[in-house]
>>> print(open('query34.cif').read())   # mmCIF, C-alpha atoms
data_my_file
#
loop_
_atom_site.label_atom_id
_atom_site.label_comp_id
_atom_site.auth_asym_id
_atom_site.auth_seq_id
_atom_site.Cartn_x
_atom_site.Cartn_y
_atom_site.Cartn_z
CA MET A 184 8.47 21.31 2.94
CA SER A 185 7.72 24.89 3.98
CA GLU A 186 4.36 24.09 5.58
CA ARG A 187 5.91 21.74 8.15
CA ASP A 188 5.61 22.80 11.77
CA ASP A 189 9.08 22.50 13.34
CA GLU A 190 7.76 22.31 16.89
CA LEU A 191 5.31 19.53 16.03
CA ASP A 192 8.05 17.72 14.10
CA ARG A 193 10.19 17.75 17.24
CA ILE A 194 7.30 16.38 19.32
CA LEU A 195 6.66 13.61 16.80
CA ALA A 196 10.36 12.85 16.26
CA PRO A 197 10.37 9.48 18.12
CA LEU A 198 7.69 8.17 15.75
CA SER A 199 8.94 9.83 12.57
CA GLN A 200 12.43 8.44 13.19
CA LEU A 201 11.07 4.93 13.62
CA ARG A 202 12.63 2.57 11.08
CA ALA A 203 11.38 -0.80 9.93
CA ASN A 204 13.84 -3.65 10.34
CA GLU A 205 15.26 -5.82 7.56
CA LEU A 206 12.91 -8.68 8.30
CA GLN A 207 9.86 -6.46 7.94
CA LEU A 208 11.17 -4.90 4.74
CA LYS A 209 11.82 -8.29 3.19
CA ARG A 210 8.36 -9.51 4.11
CA TRP A 211 6.69 -6.43 2.63
CA GLN A 212 8.76 -6.68 -0.54
CA LYS A 213 7.76 -10.32 -0.83
CA ILE A 214 4.08 -9.37 -0.62
CA SER A 215 4.56 -6.83 -3.37
CA LYS A 216 6.43 -9.23 -5.64
CA SER A 217 4.11 -12.18 -5.09
CA GLY A 218 1.03 -9.99 -5.56
CA PHE A 219 2.09 -8.66 -8.93
CA GLY A 220 3.74 -11.95 -9.93
CA SER A 221 0.56 -13.95 -9.44
CA ARG A 222 -1.31 -11.43 -11.53
CA TRP A 223 0.99 -11.87 -14.51
CA ALA A 224 1.04 -15.66 -14.12
CA ALA A 225 -2.76 -15.71 -14.12
CA GLN A 226 -2.92 -13.51 -17.22
CA ILE A 227 -0.45 -15.70 -19.14
CA ALA A 228 -2.33 -18.87 -18.15
CA ALA A 229 -5.66 -17.31 -19.20
CA ALA A 230 -4.22 -16.11 -22.53
CA ALA A 231 -2.79 -19.56 -23.27
CA PHE A 232 -6.11 -21.25 -22.46
CA ILE A 233 -8.07 -18.86 -24.68
CA GLY A 234 -5.53 -19.35 -27.49
CA PHE A 235 -5.90 -23.13 -27.40
CA ALA A 236 -9.70 -22.89 -27.20
CA VAL A 237 -9.96 -20.54 -30.20
CA GLY A 238 -7.48 -22.67 -32.18
CA PHE A 239 -9.47 -25.81 -31.46
CA LEU A 240 -12.77 -24.22 -32.56
CA VAL A 241 -11.34 -22.67 -35.74
CA PHE A 242 -9.19 -25.55 -36.98
CA ARG A 243 -11.12 -28.59 -35.85
CA GLY A 244 -12.23 -30.86 -38.72
CA GLN A 245 -9.51 -29.61 -41.03
CA PRO A 246 -7.00 -32.12 -42.33
CA PRO A 247 -3.57 -32.03 -40.87
CA ALA A 248 -0.91 -30.36 -42.99
CA PRO A 249 0.68 -33.49 -44.63
CA ASP A 250 -2.70 -34.54 -46.09
CA ALA A 251 -3.07 -31.32 -48.05
CA ALA A 252 -1.41 -30.85 -51.39
CA THR A 253 -0.53 -27.56 -52.94
CA ALA A 254 -1.23 -26.89 -56.59
CA ASN A 255 0.48 -23.98 -58.20
CA ASN A 256 -1.03 -22.27 -61.20
CA PHE A 257 1.52 -20.15 -63.00
CA ASP A 258 -0.53 -17.88 -65.19
CA SER A 259 1.39 -15.32 -67.22
CA SER A 260 -1.27 -12.71 -66.56
CA ALA A 261 -1.42 -13.28 -62.84
CA THR A 262 0.78 -13.39 -59.88
CA ILE A 263 1.54 -16.76 -58.35
CA GLU A 264 -1.67 -18.33 -57.19
CA SER A 265 -1.64 -21.07 -54.64
CA VAL A 266 -4.62 -23.34 -54.46
CA TYR A 267 -5.01 -25.75 -51.62
CA VAL A 268 -6.78 -28.93 -52.66
CA LYS A 269 -7.88 -31.81 -50.59
CA ASN A 270 -5.91 -34.95 -51.10
CA GLU A 271 -8.40 -37.67 -51.96
CA MET B 294 2.50 -0.27 -12.52
CA GLY B 295 4.13 -2.84 -10.34
CA GLU B 296 7.50 -1.27 -10.98
CA ASN B 297 6.21 2.05 -9.59
CA LEU B 298 5.29 0.58 -6.21
CA ASN B 299 8.29 1.46 -4.11
CA VAL B 300 7.63 -0.77 -1.12
CA THR B 301 10.97 0.04 0.49
CA ASP B 302 9.91 3.66 0.79
CA LEU B 303 6.17 3.27 1.18
CA ALA B 304 5.86 0.42 3.66
CA PRO B 305 8.02 2.01 6.42
CA ALA B 306 5.96 5.19 6.07
CA LEU B 307 2.78 3.16 6.49
CA TYR B 308 4.36 1.40 9.46
CA ARG B 309 5.02 4.75 11.19
CA TYR B 310 1.45 5.78 10.40
CA PHE B 311 0.01 2.68 12.08
CA CYS B 312 2.49 2.87 14.97
CA ALA B 313 0.91 6.21 15.89
CA SER B 314 -2.24 4.29 16.81
CA PHE B 315 -1.27 0.68 17.46
CA ALA B 316 1.41 -1.44 19.08
CA PRO B 317 4.25 -2.44 16.68
CA HIS B 318 3.14 -6.05 16.14
CA LEU B 319 -0.34 -4.90 15.15
CA ALA B 320 1.04 -2.07 13.01
CA ASP B 321 3.10 -4.64 11.16
CA ASP B 322 0.00 -6.71 10.33
CA LEU B 323 -1.89 -3.63 9.19
CA VAL B 324 0.93 -2.64 6.82
CA GLN B 325 0.65 -6.07 5.22
CA ASP B 326 -3.11 -5.74 4.98
CA THR B 327 -2.74 -2.32 3.33
CA LEU B 328 -0.15 -3.58 0.83
CA VAL B 329 -2.32 -6.54 -0.18
CA ARG B 330 -5.32 -4.26 -0.74
CA LEU B 331 -3.18 -1.75 -2.61
CA ILE B 332 -1.79 -4.41 -4.95
CA ASN B 333 -5.27 -5.81 -5.59
CA LYS B 334 -6.62 -2.38 -6.43
CA ILE B 335 -3.71 -1.60 -8.75
CA SER B 336 -4.09 -5.01 -10.42
CA ASN B 337 -7.79 -4.33 -10.97
CA ASP B 338 -6.99 -0.90 -12.45
CA GLN B 339 -8.83 0.86 -9.63
CA PHE B 340 -5.98 3.30 -9.08
CA ASP B 341 -6.49 6.45 -11.16
CA PRO B 342 -3.26 8.51 -11.28
CA THR B 343 -5.21 11.57 -12.42
CA ARG B 344 -6.92 11.71 -9.02
CA GLY B 345 -3.76 11.67 -6.95
CA ASN B 346 -0.38 10.05 -6.65
CA LEU B 347 0.28 6.51 -5.47
CA ARG B 348 1.49 7.63 -2.04
CA MET B 349 -1.70 9.53 -1.39
CA TYR B 350 -3.76 6.60 -2.66
CA SER B 351 -1.88 4.22 -0.36
CA PHE B 352 -2.49 6.38 2.68
CA GLY B 353 -6.15 6.61 1.69
CA ILE B 354 -6.33 2.80 1.90
CA ALA B 355 -4.33 2.84 5.14
CA HIS B 356 -6.83 5.31 6.59
CA PHE B 357 -9.66 2.83 6.03
CA VAL B 358 -7.60 -0.11 7.25
CA ARG B 359 -6.93 1.84 10.45
CA LEU B 360 -10.62 2.65 10.93
CA GLU B 361 -11.59 -0.98 10.33
CA ALA B 362 -8.97 -2.15 12.83
CA LEU B 363 -10.24 0.29 15.42
CA ARG B 364 -13.78 -0.90 14.87
CA SER B 365 -13.07 -4.61 14.77
CA LEU B 366 -10.78 -4.58 17.76
CA GLU B 367 -12.85 -2.02 19.63
CA LEU B 368 -9.73 -0.04 20.15
CA ASN B 369 -11.17 3.42 20.56
CA SER B 370 -9.38 3.47 23.88
CA PRO B 371 -7.30 0.36 23.30
CA PRO B 372 -5.68 -1.62 26.05
CA GLU B 373 -2.24 -1.65 24.51
CA ASP B 374 -0.23 -4.74 25.03
CA GLU B 375 3.23 -3.28 24.79
CA ASN B 376 4.70 -6.45 26.18
CA ALA B 377 3.36 -8.50 23.31
CA ALA B 378 6.15 -10.03 21.33
CA SER B 379 7.21 -7.73 18.56
CA LEU B 380 8.35 -9.44 15.40
CA ALA B 381 11.74 -7.85 15.84
CA PRO B 382 13.05 -7.69 19.39
CA LEU B 383 14.54 -4.32 20.13
CA PRO B 384 18.18 -4.07 21.12
CA ASP B 385 19.03 -2.27 24.36
CA GLU B 386 19.94 1.00 22.64
CA HIS B 387 16.40 1.15 21.27
CA LEU B 388 14.69 0.74 24.62
CA GLU B 389 14.73 4.49 25.28
CA GLN B 390 13.30 5.16 21.82
CA ASN B 391 10.68 2.49 22.47
CA ARG B 392 9.67 4.18 25.72
CA GLN B 393 9.40 7.57 23.98
CA ILE B 394 7.25 6.08 21.22
CA LYS B 395 5.01 4.44 23.79
CA ASN B 396 4.50 7.75 25.61
CA LEU B 397 3.91 9.59 22.36
CA ARG B 398 1.37 6.97 21.22
CA LYS B 399 -0.52 7.37 24.48
CA ALA B 400 -0.51 11.13 24.02
CA ILE B 401 -1.77 10.79 20.44
CA ARG B 402 -4.55 8.49 21.63
CA SER B 403 -5.70 11.16 24.03
CA LEU B 404 -6.53 13.36 21.03
CA SER B 405 -9.89 13.40 19.30
CA GLU B 406 -10.34 10.81 16.53
CA VAL B 407 -10.05 13.34 13.73
CA GLN B 408 -6.93 14.85 15.30
CA GLN B 409 -5.41 11.36 15.49
CA GLN B 410 -6.15 10.86 11.80
CA VAL B 411 -4.56 14.18 10.86
CA ILE B 412 -1.47 13.61 13.02
CA GLY B 413 -1.03 10.08 11.65
CA LEU B 414 -0.91 11.43 8.09
CA TYR B 415 1.18 14.46 9.11
CA LEU B 416 3.87 12.01 10.27
CA ASP B 417 4.63 11.30 6.62
CA LYS B 418 6.72 14.24 5.49
CA GLU B 419 5.97 13.55 1.84
CA LEU B 420 2.27 14.33 2.27
CA SER B 421 1.28 17.98 1.95
CA TYR B 422 -1.56 19.57 3.93
CA GLU B 423 -3.56 19.59 0.71
CA GLU B 424 -3.09 15.85 0.25
CA ILE B 425 -3.98 15.17 3.90
CA ALA B 426 -7.14 17.21 3.37
CA LEU B 427 -8.02 15.22 0.24
CA ILE B 428 -7.44 11.85 1.94
CA LEU B 429 -9.63 12.77 4.89
CA GLY B 430 -12.19 14.71 2.87
CA LEU B 431 -11.70 17.82 4.97
CA PRO B 432 -11.08 21.46 3.99
CA MET B 433 -7.40 22.40 4.16
CA GLY B 434 -8.08 25.10 6.76
CA THR B 435 -9.68 22.50 9.01
CA VAL B 436 -6.63 20.26 8.65
CA LYS B 437 -4.35 23.14 9.64
CA SER B 438 -6.43 24.01 12.68
CA HIS B 439 -6.53 20.34 13.74
CA ILE B 440 -2.75 20.19 13.45
CA ASN B 441 -2.31 23.32 15.57
CA ARG B 442 -4.75 22.13 18.21
CA ALA B 443 -3.26 18.65 18.25
CA LYS B 444 0.21 20.13 18.75
CA GLU B 445 -0.91 22.09 21.81
CA GLU B 446 -2.69 19.07 23.27
CA LEU B 447 0.29 16.80 22.63
CA LYS B 448 2.62 19.28 24.34
CA LEU B 449 0.31 19.35 27.33
CA ALA B 450 -0.12 15.58 27.47
CA LEU B 451 3.62 14.93 27.23
CA THR B 452 4.42 17.61 29.83
CA ASN B 453 1.93 16.07 32.23
CA LYS B 454 3.44 12.67 31.55
CA GLN B 455 6.94 13.93 32.34
CA GLY B 456 5.64 15.72 35.46
CA ALA B 457 3.88 12.61 36.70
#
>>> encode(input="query34.cif", output="structure tokens")
Amino acid sequence: MSERDDELDRILAPLSQLRANELQLKRWQKISKSGFGSRWAAQIAAAAFIGFAVGFLVFRGQPPAPDAATANNFDSSATIESVYVKNE
Amino acid sequence: MGENLNVTDLAPALYRYFCASFAPHLADDLVQDTLVRLINKISNDQFDPTRGNLRMYSFGIAHFVRLEALRSLELNSPPEDENAASLAPLPDEHLEQNRQIKNLRKAIRSLSEVQQQVIGLYLDKELSYEEIALILGLPMGTVKSHINRAKEELKLALTNKQGA
């Protein structure tokens, strides 16, 4: 970078040449991975919970699939019409 | 966003930044603190790429972490415990480098607070003067003059140290 001061860079060289060791790097990478990982795990858990809650509210009280019969009305002037009737 | 956080590149730069003010074991803790805050802010969509890049944003957080550490530990003229166990013991060939860093850190601490802030950020070669100015909320001309003055004072402090 053109705006760097060469003399100051030489003075600061011991610090600017300082390198982190492998142990430190691994620990920092772990923080990064666990931080973002927990976020996605929390979002998936929240989405699953909301999905089950909405499904329960919408479909509660309805008969389970085997109890419902399907009646087909083939009218020549219409497309196939499917009517769901309750099995008494 | 997580994929864009290059910890391997960013964390060592933050480590050097904190090592300009603190002993290595403390600098290590402060890097962790900064990374945790950074990840939380990114996760909460508080990072706005239109206002600066991730590196600049990270150093902005590090700047506040450093100030908080100085306040909480009352380290304005800190009694540095260089003998405290570092997380990674230095091999013999690094002892000379360790001594130079220690002397340089003492010289940096003899600067004014704002000069210390500017020099800490200047250590990262990826940050431009303009970005340093934005992080610290200073005009660019002021940053340049702080850098020039800090350089002269560091030269003097290190010369006196060698003469002593």
>>> resolve_selection(input="query34.cif", expression="the PyMOL selection byres ((chain A) within 10 of (chain B))", output="number ranges by chain")
A: 184-188, 190-192, 194-220, 222-223
>>> atom_distance(input="query34.cif", atom1="CA of Phe315 (chain B)", atom2="CA of Gln408 (chain B)")
15.4 Å
>>> atom_distance(input="query34.cif", atom1="CA of Lys399 (chain B)", atom2="CA of Glu361 (chain B)")
19.8 Å
>>> atom_distance(input="query34.cif", atom1="CA of Glu424 (chain B)", atom2="CA of Ala355 (chain B)")
14.0 Å
>>> residues_around(input="query34.cif", residues="Leu323 (chain B)", least_positions_apart="4", cutoff="9 Å", atoms="all atoms listed in the file", output="short mmCIF file (atom, residue, chain, number, x, y, z; two decimals) with C-alpha atoms, in the coordinates of the input")
data_model
loop_
_atom_site.label_atom_id
_atom_site.label_comp_id
_atom_site.auth_asym_id
_atom_site.auth_seq_id
_atom_site.Cartn_x
_atom_site.Cartn_y
_atom_site.Cartn_z
CA LEU B 307 2.78 3.16 6.49
CA TYR B 308 4.36 1.40 9.46
CA PHE B 311 0.01 2.68 12.08
CA HIS B 318 3.14 -6.05 16.14
CA LEU B 319 -0.34 -4.90 15.15
CA THR B 327 -2.74 -2.32 3.33
CA LEU B 328 -0.15 -3.58 0.83
CA ALA B 355 -4.33 2.84 5.14
CA VAL B 358 -7.60 -0.11 7.25
CA ARG B 359 -6.93 1.84 10.45
CA ALA B 362 -8.97 -2.15 12.83
#
>>> residues_around(input="query34.cif", residues="Thr435 (chain B)", least_positions_apart="3", cutoff="12 Å", atoms="all atoms listed in the file", output="list in words")
Val407, Gln408, Val411, Tyr422, Glu423, Ile425, Ala426, Leu427, Leu429, Gly430, Leu431, Pro432, Ser438, His439, Ile440, Asn441, Arg442 and Ala443 of chain B
>>> build_atoms(input="query34.cif", residues="region 303-323 of chain B", atoms="N, CA and C atoms", output="mmCIF file, in the coordinates of the input")
data_model
loop_
_atom_site.group_PDB
_atom_site.id
_atom_site.type_symbol
_atom_site.label_atom_id
_atom_site.label_comp_id
_atom_site.auth_asym_id
_atom_site.auth_seq_id
_atom_site.Cartn_x
_atom_site.Cartn_y
_atom_site.Cartn_z
ATOM 1 N N LEU B 303 7.564 3.128 0.776
ATOM 2 C CA LEU B 303 6.170 3.270 1.180
ATOM 3 C C LEU B 303 5.813 2.501 2.458
ATOM 4 N N ALA B 304 6.241 1.263 2.530
ATOM 5 C CA ALA B 304 5.860 0.420 3.660
ATOM 6 C C ALA B 304 6.351 0.969 5.007
ATOM 7 N N PRO B 305 7.609 1.422 5.123
ATOM 8 C CA PRO B 305 8.020 2.010 6.420
ATOM 9 C C PRO B 305 7.202 3.243 6.794
ATOM 10 N N ALA B 306 6.799 4.016 5.787
ATOM 11 C CA ALA B 306 5.960 5.190 6.070
ATOM 12 C C ALA B 306 4.598 4.763 6.602
ATOM 13 N N LEU B 307 4.058 3.696 6.008
ATOM 14 C CA LEU B 307 2.780 3.160 6.490
ATOM 15 C C LEU B 307 2.939 2.589 7.899
ATOM 16 N N TYR B 308 4.083 1.982 8.133
ATOM 17 C CA TYR B 308 4.360 1.400 9.460
ATOM 18 C C TYR B 308 4.354 2.496 10.530
ATOM 19 N N ARG B 309 5.009 3.621 10.236
ATOM 20 C CA ARG B 309 5.020 4.750 11.190
ATOM 21 C C ARG B 309 3.599 5.265 11.408
ATOM 22 N N TYR B 310 2.837 5.319 10.309
ATOM 23 C CA TYR B 310 1.450 5.780 10.400
ATOM 24 C C TYR B 310 0.651 4.905 11.367
ATOM 25 N N PHE B 311 0.771 3.576 11.213
ATOM 26 C CA PHE B 311 0.010 2.680 12.080
ATOM 27 C C PHE B 311 0.570 2.644 13.506
ATOM 28 N N CYS B 312 1.889 2.868 13.630
ATOM 29 C CA CYS B 312 2.490 2.870 14.970
ATOM 30 C C CYS B 312 2.005 4.063 15.803
ATOM 31 N N ALA B 313 1.472 5.075 15.156
ATOM 32 C CA ALA B 313 0.910 6.210 15.890
ATOM 33 C C ALA B 313 -0.354 5.801 16.632
ATOM 34 N N SER B 314 -0.979 4.722 16.200
ATOM 35 C CA SER B 314 -2.240 4.290 16.810
ATOM 36 C C SER B 314 -2.167 2.919 17.475
ATOM 37 N N PHE B 315 -1.272 2.068 16.988
ATOM 38 C CA PHE B 315 -1.270 0.680 17.460
ATOM 39 C C PHE B 315 0.120 0.237 17.906
ATOM 40 N N ALA B 316 0.135 -0.830 18.673
ATOM 41 C CA ALA B 316 1.410 -1.440 19.080
ATOM 42 C C ALA B 316 2.123 -1.982 17.834
ATOM 43 N N PRO B 317 3.474 -2.079 17.877
ATOM 44 C CA PRO B 317 4.250 -2.440 16.680
ATOM 45 C C PRO B 317 3.811 -3.732 15.996
ATOM 46 N N HIS B 318 3.496 -4.774 16.775
ATOM 47 C CA HIS B 318 3.140 -6.050 16.140
ATOM 48 C C HIS B 318 1.834 -5.930 15.347
ATOM 49 N N LEU B 319 0.919 -5.106 15.855
ATOM 50 C CA LEU B 319 -0.340 -4.900 15.150
ATOM 51 C C LEU B 319 -0.127 -3.993 13.933
ATOM 52 N N ALA B 320 0.715 -2.977 14.125
ATOM 53 C CA ALA B 320 1.040 -2.070 13.010
ATOM 54 C C ALA B 320 1.636 -2.846 11.847
ATOM 55 N N ASP B 321 2.473 -3.802 12.177
ATOM 56 C CA ASP B 321 3.100 -4.640 11.160
ATOM 57 C C ASP B 321 2.041 -5.395 10.341
ATOM 58 N N ASP B 322 1.079 -5.989 11.025
ATOM 59 C CA ASP B 322 0.000 -6.710 10.330
ATOM 60 C C ASP B 322 -0.813 -5.775 9.438
ATOM 61 N N LEU B 323 -1.057 -4.567 9.944
ATOM 62 C CA LEU B 323 -1.890 -3.630 9.190
ATOM 63 C C LEU B 323 -1.165 -3.113 7.940
#
